[in-house]
>>> print(open('my_file_18.txt').read())   # compact mmCIF, C-alpha atoms and all ligand atoms
# COMPACT_ATOMS: atom_id res chain seq x y z
CA SER A 1 -62.68 -55.23 46.65
CA SER A 2 -59.80 -52.88 45.95
CA LEU A 3 -56.07 -53.24 46.56
CA LEU A 4 -55.88 -50.83 49.51
CA ASP A 5 -59.31 -51.18 51.12
CA GLY A 6 -59.25 -50.06 54.76
CA LYS A 7 -55.62 -48.90 54.61
CA VAL A 8 -54.23 -45.53 55.65
CA ALA A 9 -51.31 -44.11 53.67
CA VAL A 10 -48.99 -41.26 54.63
CA ILE A 11 -47.35 -39.67 51.58
CA SER A 12 -44.74 -36.92 51.93
CA GLY A 13 -44.25 -34.21 49.33
CA ALA A 14 -47.67 -34.85 47.79
CA ALA A 15 -49.07 -31.30 47.72
CA SER A 16 -47.52 -30.47 44.34
CA LEU A 17 -50.55 -30.99 42.09
CA ARG A 18 -48.65 -32.29 39.05
CA GLY A 19 -46.14 -34.23 41.14
CA ILE A 20 -45.51 -37.92 41.71
CA GLY A 21 -46.77 -37.75 45.31
CA MET A 22 -50.18 -36.38 44.33
CA ALA A 23 -50.56 -38.94 41.52
CA THR A 24 -49.70 -41.66 44.04
CA ALA A 25 -52.24 -40.25 46.49
CA ARG A 26 -54.96 -40.28 43.81
CA MET A 27 -54.15 -43.84 42.72
CA PHE A 28 -54.08 -45.11 46.33
CA ALA A 29 -57.41 -43.39 47.04
CA GLU A 30 -58.96 -45.03 43.95
CA GLN A 31 -57.90 -48.35 45.49
CA GLY A 32 -59.70 -47.62 48.76
CA ALA A 33 -57.00 -46.03 50.92
CA LYS A 34 -57.39 -42.97 53.11
CA ILE A 35 -54.56 -40.52 52.44
CA ALA A 36 -52.57 -38.21 54.70
CA ILE A 37 -50.60 -35.74 52.60
CA LEU A 38 -47.57 -34.24 54.34
CA ASP A 39 -45.86 -31.22 52.79
CA LEU A 40 -44.10 -27.98 53.70
CA ASP A 41 -47.28 -25.87 53.46
CA GLY A 42 -50.18 -27.28 55.49
CA THR A 43 -52.80 -25.32 53.54
CA ALA A 44 -51.48 -26.59 50.20
CA ALA A 45 -51.43 -30.12 51.64
CA ALA A 46 -55.03 -29.81 52.88
CA ASP A 47 -56.17 -28.35 49.54
CA ALA A 48 -54.52 -31.22 47.65
CA ALA A 49 -56.15 -33.77 49.96
CA ALA A 50 -59.56 -32.12 49.48
CA LEU A 51 -59.15 -32.41 45.68
CA ILE A 52 -58.94 -36.17 46.10
CA GLY A 53 -62.03 -36.32 48.32
CA PRO A 54 -63.43 -35.58 51.79
CA ALA A 55 -61.92 -38.68 53.43
CA HIS A 56 -58.35 -37.42 53.00
CA ARG A 57 -56.33 -34.83 54.95
CA GLY A 58 -53.27 -32.66 54.63
CA TYR A 59 -50.67 -31.74 57.25
CA ALA A 60 -47.76 -29.34 57.45
CA CYS A 61 -44.50 -31.25 57.82
CA ASN A 62 -40.96 -30.34 56.90
CA VAL A 63 -39.35 -33.78 56.69
CA THR A 64 -35.96 -32.35 57.70
CA ASP A 65 -37.43 -31.49 61.11
CA ARG A 66 -37.55 -34.55 63.37
CA ALA A 67 -40.06 -33.07 65.80
CA ALA A 68 -42.30 -32.00 62.92
CA CYS A 69 -42.29 -35.58 61.56
CA GLN A 70 -43.19 -36.97 64.99
CA GLY A 71 -45.92 -34.35 65.41
CA ALA A 72 -47.45 -34.90 61.98
CA VAL A 73 -47.55 -38.67 62.48
CA GLU A 74 -49.21 -38.20 65.89
CA ARG A 75 -51.88 -36.04 64.27
CA VAL A 76 -52.43 -38.59 61.48
CA LEU A 77 -52.86 -41.32 64.10
CA ALA A 78 -55.28 -39.14 66.07
CA ASP A 79 -57.34 -38.54 62.90
CA PHE A 80 -57.19 -41.98 61.25
CA GLY A 81 -56.24 -44.36 64.07
CA GLN A 82 -53.64 -46.29 62.08
CA ILE A 83 -50.93 -46.04 59.43
CA ASP A 84 -50.42 -48.98 57.06
CA ILE A 85 -48.30 -47.36 54.37
CA LEU A 86 -45.60 -44.69 54.28
CA VAL A 87 -44.38 -43.29 50.98
CA ASN A 88 -41.21 -41.22 51.50
CA ASN A 89 -41.61 -39.11 48.36
CA ALA A 90 -40.56 -35.56 49.35
CA GLY A 91 -37.44 -34.44 47.56
CA ILE A 92 -35.61 -31.57 45.90
CA THR A 93 -32.98 -31.46 43.20
CA GLN A 94 -30.36 -29.06 41.90
CA PRO A 95 -28.02 -29.26 38.93
CA ALA A 96 -24.39 -28.74 39.96
CA LYS A 97 -20.82 -29.62 39.07
CA THR A 98 -18.85 -31.41 41.78
CA VAL A 99 -16.43 -28.54 42.40
CA ASP A 100 -19.29 -26.06 42.72
CA ILE A 101 -21.21 -27.86 45.50
CA ASP A 102 -20.95 -25.63 48.55
CA PRO A 103 -21.63 -26.86 52.08
CA GLU A 104 -25.09 -25.28 52.17
CA SER A 105 -26.27 -26.97 48.96
CA TRP A 106 -24.82 -30.29 50.11
CA ASP A 107 -26.71 -30.02 53.40
CA ARG A 108 -29.97 -28.92 51.78
CA ILE A 109 -30.01 -31.72 49.19
CA LEU A 110 -28.93 -34.40 51.68
CA ASP A 111 -31.33 -33.15 54.35
CA VAL A 112 -34.53 -33.31 52.32
CA ASN A 113 -33.78 -36.37 50.19
CA LEU A 114 -32.04 -38.57 52.77
CA ARG A 115 -32.38 -37.28 56.33
CA GLY A 116 -36.11 -36.75 55.68
CA VAL A 117 -36.54 -40.44 54.83
CA LEU A 118 -34.94 -41.38 58.16
CA TYR A 119 -36.99 -38.95 60.24
CA LEU A 120 -40.38 -39.78 58.79
CA SER A 121 -39.65 -43.51 58.90
CA GLN A 122 -38.57 -43.20 62.54
CA ALA A 123 -41.90 -41.52 63.28
CA VAL A 124 -44.05 -44.34 61.83
CA ILE A 125 -41.96 -47.43 62.66
CA PRO A 126 -42.93 -47.84 66.36
CA HIS A 127 -46.63 -47.77 65.39
CA MET A 128 -46.08 -50.28 62.57
CA GLN A 129 -44.07 -52.50 64.94
CA GLN A 130 -46.93 -52.46 67.45
CA ARG A 131 -49.35 -53.62 64.77
CA GLY A 132 -46.85 -56.08 63.31
CA GLN A 133 -47.37 -54.81 59.77
CA GLY A 134 -46.53 -51.97 57.42
CA SER A 135 -45.13 -51.05 54.05
CA ILE A 136 -42.60 -48.26 53.62
CA ALA A 137 -41.72 -47.20 50.06
CA CYS A 138 -38.89 -44.76 49.46
CA MET A 139 -38.20 -42.47 46.53
CA SER A 140 -34.73 -42.88 45.08
CA SER A 141 -33.77 -42.10 41.48
CA VAL A 142 -31.95 -43.43 38.44
CA SER A 143 -29.46 -40.69 39.34
CA ALA A 144 -28.30 -42.94 42.18
CA GLN A 145 -27.62 -45.81 39.77
CA ARG A 146 -26.09 -44.07 36.78
CA GLY A 147 -24.34 -41.21 38.57
CA GLY A 148 -26.76 -38.46 37.66
CA GLY A 149 -26.31 -36.94 34.28
CA ILE A 150 -29.78 -35.54 33.73
CA LEU A 151 -30.84 -32.84 36.18
CA GLY A 152 -29.56 -33.65 39.63
CA GLY A 153 -26.00 -32.91 40.67
CA PRO A 154 -23.59 -35.28 42.42
CA HIS A 155 -25.05 -34.33 45.81
CA TYR A 156 -28.49 -35.44 44.55
CA SER A 157 -27.02 -38.74 43.27
CA ALA A 158 -25.33 -39.26 46.64
CA ALA A 159 -28.52 -38.55 48.57
CA LYS A 160 -30.63 -40.86 46.40
CA ALA A 161 -27.98 -43.61 46.61
CA GLY A 162 -28.08 -43.10 50.38
CA VAL A 163 -31.81 -43.76 50.27
CA LEU A 164 -31.15 -47.18 48.69
CA GLY A 165 -28.75 -48.12 51.51
CA LEU A 166 -30.98 -46.77 54.25
CA ALA A 167 -34.04 -48.57 52.86
CA LYS A 168 -32.22 -51.90 52.54
CA ALA A 169 -30.89 -51.59 56.10
CA MET A 170 -34.38 -50.82 57.40
CA ALA A 171 -35.78 -53.75 55.38
CA ARG A 172 -33.27 -56.13 56.95
CA GLU A 173 -33.88 -54.81 60.46
CA LEU A 174 -37.67 -54.57 60.34
CA GLY A 175 -38.64 -57.70 58.43
CA LYS A 176 -39.17 -59.59 61.68
CA ASP A 177 -41.76 -56.95 62.65
CA GLY A 178 -43.79 -57.51 59.49
CA ILE A 179 -42.60 -54.23 57.98
CA ARG A 180 -41.49 -54.24 54.35
CA VAL A 181 -39.24 -51.47 52.99
CA ASN A 182 -38.63 -50.96 49.27
CA CYS A 183 -37.47 -48.30 46.82
CA VAL A 184 -38.52 -46.91 43.47
CA THR A 185 -35.89 -45.50 41.10
CA PRO A 186 -37.60 -43.38 38.44
CA GLY A 187 -35.91 -42.11 35.32
CA LEU A 188 -36.98 -38.79 33.88
CA ILE A 189 -40.59 -38.09 34.89
CA GLN A 190 -42.42 -34.99 33.70
CA THR A 191 -43.27 -32.92 36.81
CA ASP A 192 -42.65 -29.40 38.18
CA ILE A 193 -39.21 -30.52 39.41
CA ASN A 194 -37.93 -30.44 35.81
CA ALA A 195 -40.62 -28.43 33.96
CA GLY A 196 -39.07 -26.05 31.45
CA LYS A 197 -35.56 -27.17 32.36
CA ILE A 198 -34.98 -29.50 29.40
CA SER A 199 -34.31 -28.00 25.95
CA ASP A 200 -35.74 -29.72 22.85
CA ASP A 201 -32.22 -30.75 21.78
CA LYS A 202 -31.53 -32.23 25.19
CA LYS A 203 -34.86 -34.08 25.06
CA VAL A 204 -33.94 -35.76 21.75
CA GLU A 205 -30.63 -36.82 23.29
CA ILE A 206 -32.34 -38.20 26.39
CA LEU A 207 -34.96 -40.11 24.37
CA ALA A 208 -32.20 -41.78 22.35
CA GLY A 209 -31.17 -43.48 25.60
CA ILE A 210 -34.67 -44.65 26.54
CA PRO A 211 -35.78 -47.91 24.85
CA LEU A 212 -39.47 -47.14 25.48
CA ASN A 213 -38.86 -43.85 23.65
CA ARG A 214 -40.80 -41.51 25.93
CA LEU A 215 -40.33 -39.63 29.17
CA GLY A 216 -42.11 -41.04 32.19
CA ASN A 217 -45.34 -39.71 33.60
CA VAL A 218 -46.44 -39.53 37.21
CA GLN A 219 -48.81 -42.51 36.87
CA ASP A 220 -45.88 -44.70 35.80
CA VAL A 221 -44.27 -44.11 39.20
CA ALA A 222 -47.54 -44.17 41.19
CA GLY A 223 -48.21 -47.67 39.79
CA ALA A 224 -44.92 -48.95 41.22
CA PHE A 225 -45.74 -47.40 44.61
CA LEU A 226 -49.20 -49.00 44.50
CA PHE A 227 -47.66 -52.42 43.93
CA LEU A 228 -45.21 -51.92 46.82
CA ALA A 229 -47.93 -50.58 49.13
CA SER A 230 -50.36 -53.42 48.46
CA ASP A 231 -50.33 -57.05 49.55
CA LEU A 232 -49.47 -58.01 45.96
CA SER A 233 -45.85 -57.39 47.01
CA GLY A 234 -46.24 -59.18 50.36
CA TYR A 235 -43.02 -61.22 49.98
CA ILE A 236 -40.95 -58.34 48.57
CA THR A 237 -38.65 -56.30 50.81
CA GLY A 238 -35.35 -54.53 50.22
CA ALA A 239 -36.18 -54.37 46.52
CA VAL A 240 -35.58 -51.58 44.04
CA ILE A 241 -38.05 -51.10 41.21
CA ASP A 242 -36.69 -49.22 38.19
CA VAL A 243 -39.29 -47.04 36.46
CA ASN A 244 -37.12 -45.60 33.72
CA GLY A 245 -38.28 -46.85 30.31
CA GLY A 246 -35.26 -49.14 30.06
CA MET A 247 -32.60 -46.45 30.54
CA LEU A 248 -30.21 -48.87 32.25
CA ILE A 249 -30.51 -51.87 29.93
P1 LIG A 301 -42.27 -31.96 42.88
O1 LIG A 301 -41.34 -30.81 43.04
O2 LIG A 301 -43.51 -31.79 42.08
O3 LIG A 301 -42.67 -32.55 44.30
C1 LIG A 301 -41.82 -32.52 45.42
C2 LIG A 301 -42.65 -32.21 46.64
O4 LIG A 301 -41.81 -32.31 47.81
C3 LIG A 301 -43.24 -30.81 46.64
O5 LIG A 301 -44.62 -30.89 46.93
C4 LIG A 301 -42.47 -30.10 47.73
O6 LIG A 301 -43.20 -29.08 48.39
C5 LIG A 301 -42.15 -31.25 48.67
N1 LIG A 301 -41.03 -30.95 49.58
C6 LIG A 301 -39.84 -30.37 49.27
N2 LIG A 301 -39.10 -30.24 50.37
C7 LIG A 301 -39.83 -30.76 51.40
C8 LIG A 301 -39.61 -30.89 52.80
N3 LIG A 301 -38.47 -30.45 53.38
N4 LIG A 301 -40.58 -31.47 53.57
C9 LIG A 301 -41.73 -31.89 53.00
N5 LIG A 301 -42.00 -31.78 51.69
C10 LIG A 301 -41.05 -31.22 50.90
O7 LIG A 301 -41.35 -33.10 42.23
P2 LIG A 301 -41.58 -34.63 41.83
O8 LIG A 301 -40.91 -34.81 40.53
O9 LIG A 301 -43.00 -35.05 41.99
O10 LIG A 301 -40.65 -35.32 42.93
C11 LIG A 301 -41.08 -36.26 43.88
C12 LIG A 301 -39.90 -37.13 44.26
O11 LIG A 301 -39.50 -37.88 43.10
C13 LIG A 301 -38.64 -36.39 44.72
O12 LIG A 301 -38.06 -37.09 45.80
C14 LIG A 301 -37.73 -36.46 43.51
O13 LIG A 301 -36.38 -36.33 43.85
C15 LIG A 301 -38.09 -37.81 42.97
N6 LIG A 301 -37.73 -38.08 41.58
C16 LIG A 301 -38.25 -37.32 40.59
C17 LIG A 301 -37.91 -37.59 39.27
C18 LIG A 301 -38.43 -36.77 38.14
O14 LIG A 301 -37.91 -36.91 37.01
N7 LIG A 301 -39.44 -35.95 38.34
C19 LIG A 301 -37.06 -38.67 38.98
C20 LIG A 301 -36.56 -39.44 40.03
C21 LIG A 301 -36.92 -39.14 41.33
>>> encode(input="my_file_18.txt", output="structure tokens", more="lines below")
Ligand code: NAD
Amino acid sequence: SSLLDGKVAVISGAASLRGIGMATARMFAEQGAKIAILDLDGTAAADAAALIGPAHRGYACNVTDRAACQGAVERVLADFGQIDILVNNAGITQPAKTVDIDPESWDRILDVNLRGVLYLSQAVIPHMQQRGQGSIACMSSVSAQRGGGILGGPHYSAAKAGVLGLAKAMARELGKDGIRVNCVTPGLIQTDINAGKISDDKKVEILAGIPLNRLGNVQDVAGAFLFLASDLSGYITGAVIDVNGGMLI
């Protein structure tokens, strides 16, 4: 049998074909899960789901919109009947200096990366509580731990640090309901979010700070999500898994 046989996983921000969400969706599907991809564009989400196989589906959902999160989760439940796993992966970044962060950028970065985690979690929690089980995994970042310094600005670091606090608070509150909540903090992973944005010189400098001497790939992060989604991590909640090649040693 496989690690996620019979499970249904909702993954946000998984329509980007070279992204961490899509790699996670593929890895979960290989382990027997049915996948619901939620992303801004419903057609892109459905196309991505179809690439994985006919058992999976895509849904339009802007995670900053509370009603949209509730609606998407209702549709997933109508289609699949249950949700065992939520991966809060949707996110955006922006390089910025502290003094240059205007109110609009602050709101945009905080809304997608932090508010979105709250809204989508709120949408699945009552169902998970009813069933007395569930695993919620949230995407944070090494930027939260080391104060940025690579691509995200201070607002991104603040949002991703907020995710750590929110996830730990949910883990404490929901443990009695059989719901586990954990975070992944990736270092620099090669995806569209940073494609073409790192010069060769900068890359050499970054690699000098990474003991494993390479940038991360999407499977590196998907593997951590798989562990947190599966029963292998059944006694783990409120944890943070660093997937950064040793950047913080
Ligand atoms: P990506 O840009 O390929 O994927 C992000 C996805 O989120 C896209 O599909 C996008 O459409 C979706 N999205 C954006 N706003 C949304 C919204 N409001 N509602 C729903 N979906 C939305 O980037 P990625 O690198 O795969 O990023 C995935 C997550 O990993 C993000 O949260 C990012 O901050 C985080 N992260 C990435 C890295 C890295 O180095 N790539 C490192 C640490 C953390």
>>> residues_around(input="my_file_18.txt", residues="A:Val181", least_positions_apart="3", cutoff="9 Å", atoms="all atoms listed in the file", output="PyMOL selection string")
chain A and resi 134-138+167-172+174-175+228+236-239
>>> atom_distance(input="my_file_18.txt", atom1="atom CA of A:Ala15", atom2="atom C8 of ligand LIG 301 (chain A)")
10.7 Å
>>> residues_near_ligand(input="my_file_18.txt", ligand="ligand LIG 301 (chain A)", cutoff="8 Å", atoms="all atoms listed in the file", output="PyMOL selection string")
chain A and resi 12-22+38-41+60-65+88-93+111-113+116+139-143+156+160+185-194+216+218
>>> closest_residue(input="my_file_18.txt", among="A:Leu51, A:Ala144, A:Val124, A:Leu151", to="A:Ala96", atoms="only C-alpha atoms")
A:Leu151
>>> closest_residue(input="my_file_18.txt", among="A:Gln122, A:Ser105, A:Thr24, A:Thr98", to="A:Ala68", atoms="only C-alpha atoms")
A:Gln122
>>> residues_near_point(input="my_file_18.txt", point="(-55.3, -39.5, 59.5)", cutoff="8 Å", atoms="all atoms listed in the file", output="list in words")
Val8, Lys34, Ile35, Ala36, His56, Arg57, Arg75, Val76, Leu77, Ala78, Asp79, Phe80, Gly81, Gln82 and Ile83 of chain A
>>> closest_residue(input="my_file_18.txt", among="A:Ala44, A:Val243, A:Ala33, A:Ala123", to="A:Ser2", atoms="all atoms listed in the file")
A:Ala33
>>> closest_residue(input="my_file_18.txt", among="A:Asp84, A:Glu173, A:Glu74, A:Asp220", to="A:Leu4", atoms="all atoms listed in the file")
A:Asp84
>>> atom_distance(input="my_file_18.txt", atom1="atom CA of A:Val221", atom2="atom CA of A:Met27")
10.5 Å
>>> closest_residue(input="my_file_18.txt", among="A:Ser1, A:Ser157, A:Gln130, A:Asn182", to="A:Pro95", atoms="only C-alpha atoms")
A:Ser157
>>> closest_residue(input="my_file_18.txt", among="A:Ala46, A:Leu226, A:Ile179, A:Ile11", to="A:Gly132", atoms="only C-alpha atoms")
A:Ile179
>>> atom_distance(input="my_file_18.txt", atom1="atom CA of A:Gly53", atom2="atom CA of A:Asp5")
15.4 Å
